[in-house]
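Okay, structure first, notes after.
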Amino acid sequence: MSVNERIGETQTKDSLPIDLTAFQKMQDAFCESNRVYAVCFDTSCHEISRFSGDETQELFIRQYASVEMEQSLVASLSGDGLENIVSMDVEAPFLQLCGVAIRDDEEQLLGVMLVFAVVEELLSGEDVLPEGVRVTKNETFQNAVALMEILLKYYFYERFRGERLISRLEEKELSGNEMKQLLRKNEMMTAILKRMESDSDFSKVAEDILGDVGGFLDLGNASLLRLNPDESTVDMISEWTGRGSRSLMLRFIGIKKETLPFFTGRPYTISSDAILPENFQDYFIGYDITAGVFLPLFVNEKLGMYLCFTMTEVPKKWSVEEVKLLNDIKLILQNILVRRVTKNSLASSYAALDAILENAGCGICVNDVAARTMLFTNEMFQEMFSNLSDRQDFEKMLLCGKSFEEDIKEYYAEQKKGWYHVSFSSIRWVDGRMVQLSTLNDITEIKNYQKQIEEQAVTDFLTGLYNRMRFEKDLKETVRDAVRSGEQGTFIYLDLDDFKDINDGLGHTVGDEFIQKTAVALQMISRGKASVYRLGGDEFAILIPASSHEHKDSIINTIHNRFGELWHLKDGEYFCSASMGVVSFPKDGTKAEMLMQRADIAMYAAKQNGKNKIEYYSESDAKESVHRLDLERAMRQAVAEGCKEFEVYYQPFIKAEGQKDVCMGAEALVRWNSKEFGMIMPGEFIPLAEYLGMIVPIGEHVLFEACRRCKFWNDFGHPEYSVSVNLSVVQLVTGNIIDTVEQALKDSGLYANNLTLEVTETVATHDAEKIVEILGKLRSLGVHLALDDFGTGYSSLARLRELPVDELKIDKCFIDKVGKDEFSDTFVDTVSTLAKSISLRVVAEGVERDIQAEKLKAMHVDYIQGFYYDKPLSQKDFEDKYLQ
């Protein structure tokens, strides 16, 4: 039997469980207050109620909702899933449609209420609505649908249950108490639903509803507590007390939140037979409570209030039906609260609204765009724009409607030198008109820090000089200026000859000190006439613009003479010369890349002629040094013989958690044990190998060997070990690195997630789109990707979003001063925090002291690597030490 038939049948009797006229009024009032439309159908798609809206509105809405859609919604709610709310897409993108099920007390579908809404956020400038069509917010629509579910339950579910009880009463002479209780419950819910449309203050509406529920359940006390703006104290704003119970209203004024054990944002249902924690026990004794239900209410997803239903004097065990009822009451009050906040009903006067906006925690101003008038500014806004000129400029922007035409996110107050993040939204003002609400947050410190970080991205951390990234930019601009002026500029490429000996013999700390002294000396010599850059490692660039061309020889000779002198390092004096390659522009080229290449050729020619030499680029001298040619010959021979001379060393990386240092694997590092030259470190032969294209076979040799050894570690007691292998840019952009890695995994049997491929930040200077594509394909194999030497010249926060990496390796130059100065600690901690926020692992490399290790552990880096734990070890030494 359909709902229509059952309702029709009941209307022929003297007792009418469902009054269709009253139901239609309820539906119309609901739609009017929530600015939606609705119509009710039975399971045969026959109308139970009329469309809530006039004829024009009905024609407009129903042109987008066909009979087939309505039938489909009914069919969707008829399944076994027992869903109560189903949504459906319609032809108009701005129109939303939901079906709400009507079920009897046995969960059988009796009918469906279709709820329609024209959603403001989904309207475009091309949509044309008939006059008078209701428009609502998406959030209001969703709340309305949820509330409709509750309404229908108590208009149909309980009434049909009453119908069944009457039938049972006739058949089994059911006791009158249950029937009276059901009737009382229906009366109570009817009263509560009527109160939802009351214009009274929220606290008065809440008090009346608490009275309805408290009286029905015969409670001792029912109250509503509100968290104050200070978030540390609580006030009682509504209360109902049962017979014989005392009011608690005066005791709950500014009460400390910490004294209320239930004020946690979670619901609590506590019967008299429950075992109470000590804090709840003290609270119950202090207020003579024997049982209680405490339910949180949220405002804008933030805990704002608590509903409290308590018994006093007599014990109480809460039934499932009672708890369910109290949760329904909570949903009703929550809905009323959200609607009141949305409609500014809580701000019943300008004074009340002023109090709310003054305590909003940000600058706020309200203006009428149409009338071009300012309506309100809070005290914080006035402080932000204390300068009259700044305020006039900002208000001028608002009143001319610029904020609607442009996507303004940040605003700079020029006189106060303050940065503000600005957001705009349209709201309904207390007098009913639509206005623009602007909220401003002071981000001056953030912008200053961002500027510092951006400066850091182009600044060498060790010396304070500009780095390679900034040099390449300045070189292009300086060459362009020289071409325009028709004069000559000069680029000097300087490489320290003996730095490796100092760095290895005296240690990295002394090596860093020498790099710093070199930077200071070059700046002193070039001051006011040229710019000095650290390109990386022991390489520097001096850029002399065309305007200082007359000083070129003086600068070059002074630098050459300085490197002919001794340097005072670590209580001793040491000699370290420098080789310089010099190019002129536009004579030697007009492209930055070409000039750098030719300066490099000239510099190597200088090294070929001995230490502390100067070589000017010329076509006839564009050849490499004898040693470099010998290395090239030896390298080609070694590669042709299967790369057997290239040995793989392993430096362990340690998990930075807990008190015990645990090895989690190693980085594979190549050494060239040349039969002609002996052991050659990678810093000497890797650049040559990349230049000659031999880095590809050498890299493949290292990759295959490292994968084989890691598989051996995994199989013999250390399945957690992984291995990291460095990939050069040359390997990435030449050859088929994807197939190579895939073959290495296949041949070795190593699990892909135990292999990490490291790329340096130099990838940022190549074809970014191609590099990202290649890295993405590598990652799809299941291997991890790491960004090595992070922060040494090419990194920026934006690049972390572009490169598909899983791990950051913070360069040694950032780690060296960890534990020594606050800036280093803050910088490393900030990078670590940023990496964690975007799910990147963090490795600190170059750790040499225990204070560095302890500080880094406190910063929650994932792994630590460096001489503090171990130097790179041969395969045998590593496995003897770490494979036990």
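Convention: chains lettered A, B, ... in structure tokens order; per-chain residue numbering from 1; ligands numbered from 1 as shown.
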Contacts of segment 854-871 of chain A at 9 Å (only C-alpha atoms; same-chain gap of 5+ positions) as a count of residues only: 31
Leaving out Met594 of chain A and any residue of its chain fewer than 4 positions from it, which residues lie within 12 Å of it when counting only C-alpha atoms, given as a compact mmCIF listing (two decimals) with N, CA, C and O atoms, in the first residue's frame?
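Okay, around_26.txt is ready:
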```txt
# COMPACT_ATOMS: atom_id res chain seq x y z
N GLU A 472 74.52 33.58 -13.68
CA GLU A 472 74.03 33.36 -15.04
C GLU A 472 73.06 34.45 -15.46
O GLU A 472 73.06 34.90 -16.61
N LEU A 475 75.16 37.69 -15.93
CA LEU A 475 76.01 37.61 -17.12
C LEU A 475 75.19 37.94 -18.37
O LEU A 475 75.65 38.71 -19.24
N LYS A 476 74.00 37.40 -18.48
CA LYS A 476 73.15 37.68 -19.64
C LYS A 476 72.86 39.18 -19.75
O LYS A 476 72.94 39.77 -20.83
N VAL A 479 76.14 41.18 -20.65
CA VAL A 479 76.48 41.00 -22.06
C VAL A 479 75.55 41.84 -22.93
O VAL A 479 75.99 42.51 -23.90
N PHE A 491 84.70 38.51 -18.34
CA PHE A 491 84.31 37.47 -17.39
C PHE A 491 85.56 36.66 -17.05
O PHE A 491 86.21 36.10 -17.94
N VAL A 583 87.53 35.63 -20.65
CA VAL A 583 86.86 35.87 -21.94
C VAL A 583 86.34 37.30 -21.96
O VAL A 583 86.02 37.88 -20.91
N SER A 584 86.27 37.86 -23.14
CA SER A 584 85.72 39.20 -23.34
C SER A 584 84.45 39.09 -24.16
O SER A 584 84.33 38.23 -25.03
N PHE A 585 83.52 39.98 -23.87
CA PHE A 585 82.26 39.98 -24.63
C PHE A 585 81.94 41.40 -25.06
O PHE A 585 82.24 42.36 -24.34
N PRO A 586 81.44 41.54 -26.24
CA PRO A 586 80.93 40.49 -27.14
C PRO A 586 81.99 39.87 -28.06
O PRO A 586 81.66 39.06 -28.92
N LYS A 587 83.29 40.21 -27.88
CA LYS A 587 84.33 39.70 -28.79
C LYS A 587 84.36 38.17 -28.83
O LYS A 587 84.43 37.56 -29.89
N ASP A 588 84.29 37.53 -27.66
CA ASP A 588 84.39 36.07 -27.59
C ASP A 588 83.03 35.38 -27.60
O ASP A 588 82.96 34.15 -27.47
N GLY A 589 81.97 36.13 -27.74
CA GLY A 589 80.64 35.54 -27.79
C GLY A 589 79.61 36.45 -27.14
O GLY A 589 79.94 37.34 -26.35
N THR A 590 78.36 36.20 -27.50
CA THR A 590 77.26 37.00 -26.93
C THR A 590 76.27 36.14 -26.16
O THR A 590 75.31 36.67 -25.60
N ARG A 598 83.77 28.81 -22.99
CA ARG A 598 85.07 29.28 -23.45
C ARG A 598 85.95 29.74 -22.28
O ARG A 598 87.17 29.58 -22.32
N ALA A 599 85.33 30.27 -21.24
CA ALA A 599 86.09 30.61 -20.04
C ALA A 599 86.62 29.35 -19.38
O ALA A 599 87.74 29.33 -18.85
N ASP A 600 85.83 28.29 -19.43
CA ASP A 600 86.25 27.00 -18.88
C ASP A 600 87.44 26.44 -19.68
O ASP A 600 88.41 25.94 -19.09
N ILE A 601 87.37 26.55 -20.99
CA ILE A 601 88.48 26.07 -21.83
C ILE A 601 89.74 26.87 -21.51
O ILE A 601 90.84 26.31 -21.37
N TYR A 617 91.14 33.47 -23.58
CA TYR A 617 90.59 32.56 -24.58
C TYR A 617 91.04 32.95 -25.98
O TYR A 617 91.01 34.11 -26.38
```
For atom CA of Tyr533 of chain A and atom CA of Asp811 of chain A, the interatomic separation in Å (one decimal): 18.7 Å
Under the rule that only C-alpha atoms are counted, which of A:Gln392, A:Asn378, A:Gln884, A:Asn609 is the nearest residue to Phe716 of chain A? A:Gln884
Quick one: residues within 8 Å of segment 737-754 of chain A, only C-alpha atoms, excluding same-chain residues fewer than 5 positions away - as a list in words? Glu700, Leu703, Phe704, Cys707, Arg708, Cys710, Lys711, Glu720, Tyr721, Ser722, Val723, Gln731, Leu732, Ile774, Lys777, Leu778, Leu781, Gly782, Val783 and His784 of chain A
DSSP on the backbone, strand (DSSP E or B) only: what residues of segment 233-340 of chain A does that give? Format it as a PyMOL selection string. chain A and resi 233-241+255-256+268-270+289-299+302-312
Which is closest to Gly642 of chain A among A:Val702, A:Met580, A:Leu307, A:Ala92, if we use only C-alpha atoms? A:Val702
Extract the full set of alpha helix (DSSP H) residues from segment 85-309 of chain A according to DSSP on the backbone, and format it as a PyMOL selection string. chain A and resi 138-152+158-172+176-195+202-217+278-286
Hey, can you spit out that residue selection with C-alpha atoms as a JSON list (two decimals), in the first residue's frame?
```
[["chain", "number", "residue", "atom", "x", "y", "z"],
["A", 138, "ASN", "CA", 25.43, 25.33, -0.86],
["A", 139, "GLU", "CA", 26.06, 24.94, 2.88],
["A", 140, "THR", "CA", 22.50, 26.09, 3.67],
["A", 141, "PHE", "CA", 21.13, 23.56, 1.18],
["A", 142, "GLN", "CA", 23.11, 20.68, 2.70],
["A", 143, "ASN", "CA", 21.97, 21.64, 6.21],
["A", 144, "ALA", "CA", 18.38, 21.90, 4.97],
["A", 145, "VAL", "CA", 18.48, 18.38, 3.51],
["A", 146, "ALA", "CA", 19.88, 16.98, 6.77],
["A", 147, "LEU", "CA", 17.14, 18.73, 8.72],
["A", 148, "MET", "CA", 14.46, 17.48, 6.32],
["A", 149, "GLU", "CA", 15.55, 13.94, 7.12],
["A", 150, "ILE", "CA", 14.83, 14.56, 10.81],
["A", 151, "LEU", "CA", 11.52, 16.28, 10.07],
["A", 152, "LEU", "CA", 10.29, 13.43, 7.92],
["A", 158, "GLU", "CA", 6.71, 8.01, 14.59],
["A", 159, "ARG", "CA", 3.19, 8.48, 13.26],
["A", 160, "PHE", "CA", 3.23, 5.17, 11.38],
["A", 161, "ARG", "CA", 4.68, 3.59, 14.47],
["A", 162, "GLY", "CA", 1.73, 4.97, 16.38],
["A", 163, "GLU", "CA", -0.57, 3.52, 13.74],
["A", 164, "ARG", "CA", 1.03, 0.11, 14.25],
["A", 165, "LEU", "CA", 0.74, 0.46, 18.02],
["A", 166, "ILE", "CA", -2.96, 1.17, 17.67],
["A", 167, "SER", "CA", -3.28, -2.00, 15.61],
["A", 168, "ARG", "CA", -1.34, -3.96, 18.20],
["A", 169, "LEU", "CA", -3.42, -2.43, 20.96],
["A", 170, "GLU", "CA", -6.53, -3.72, 19.28],
["A", 171, "GLU", "CA", -5.01, -7.17, 18.78],
["A", 172, "LYS", "CA", -3.08, -7.66, 22.03],
["A", 176, "GLY", "CA", -1.92, 2.47, 27.68],
["A", 177, "ASN", "CA", 1.42, 3.69, 29.10],
["A", 178, "GLU", "CA", 3.39, 2.95, 25.93],
["A", 179, "MET", "CA", 0.76, 4.59, 23.79],
["A", 180, "LYS", "CA", 0.69, 7.69, 25.99],
["A", 181, "GLN", "CA", 4.49, 7.87, 25.90],
["A", 182, "LEU", "CA", 4.45, 7.77, 22.11],
["A", 183, "LEU", "CA", 1.81, 10.48, 21.93],
["A", 184, "ARG", "CA", 3.81, 12.63, 24.34],
["A", 185, "LYS", "CA", 6.90, 12.18, 22.19],
["A", 186, "ASN", "CA", 4.99, 13.20, 19.06],
["A", 187, "GLU", "CA", 3.63, 16.26, 20.83],
["A", 188, "MET", "CA", 7.11, 17.15, 22.05],
["A", 189, "MET", "CA", 8.68, 16.86, 18.59],
["A", 190, "THR", "CA", 5.85, 18.85, 17.04],
["A", 191, "ALA", "CA", 6.48, 21.63, 19.57],
["A", 192, "ILE", "CA", 10.22, 21.56, 18.89],
["A", 193, "LEU", "CA", 9.76, 21.73, 15.14],
["A", 194, "LYS", "CA", 7.49, 24.74, 15.53],
["A", 195, "ARG", "CA", 10.10, 26.48, 17.67],
["A", 202, "PHE", "CA", 18.80, 31.64, 20.12],
["A", 203, "SER", "CA", 19.22, 31.23, 23.89],
["A", 204, "LYS", "CA", 15.44, 31.50, 24.39],
["A", 205, "VAL", "CA", 14.70, 29.01, 21.61],
["A", 206, "ALA", "CA", 17.28, 26.65, 23.09],
["A", 207, "GLU", "CA", 15.76, 27.06, 26.58],
["A", 208, "ASP", "CA", 12.30, 26.18, 25.26],
["A", 209, "ILE", "CA", 13.61, 23.09, 23.44],
["A", 210, "LEU", "CA", 15.55, 22.00, 26.53],
["A", 211, "GLY", "CA", 12.32, 22.31, 28.49],
["A", 212, "ASP", "CA", 10.45, 20.19, 25.98],
["A", 213, "VAL", "CA", 13.07, 17.43, 26.11],
["A", 214, "GLY", "CA", 13.71, 17.67, 29.86],
["A", 215, "GLY", "CA", 10.02, 17.44, 30.64],
["A", 216, "PHE", "CA", 9.52, 14.51, 28.29],
["A", 217, "LEU", "CA", 12.40, 12.48, 29.73],
["A", 278, "GLU", "CA", 38.39, 10.68, 38.84],
["A", 279, "ASN", "CA", 37.73, 14.00, 37.09],
["A", 280, "PHE", "CA", 34.17, 12.97, 36.13],
["A", 281, "GLN", "CA", 33.60, 11.59, 39.63],
["A", 282, "ASP", "CA", 34.55, 14.95, 41.18],
["A", 283, "TYR", "CA", 32.30, 16.81, 38.74],
["A", 284, "PHE", "CA", 29.27, 14.55, 39.33],
["A", 285, "ILE", "CA", 29.65, 14.82, 43.13],
["A", 286, "GLY", "CA", 30.12, 18.59, 42.97]]
```
Residue contacts of His560 of chain A (10 Å, only C-alpha atoms) excluding same-chain residues fewer than 5 positions away, as a list in words: Ser554, Ile555, Glu565, Ser577, Ala578, Ser579, Met580, Asn612, Lys613 and Ile614 of chain A
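The space between atom CA of Ser49 of chain A and atom CA of Ala101 of chain A spans 14.4 Å.
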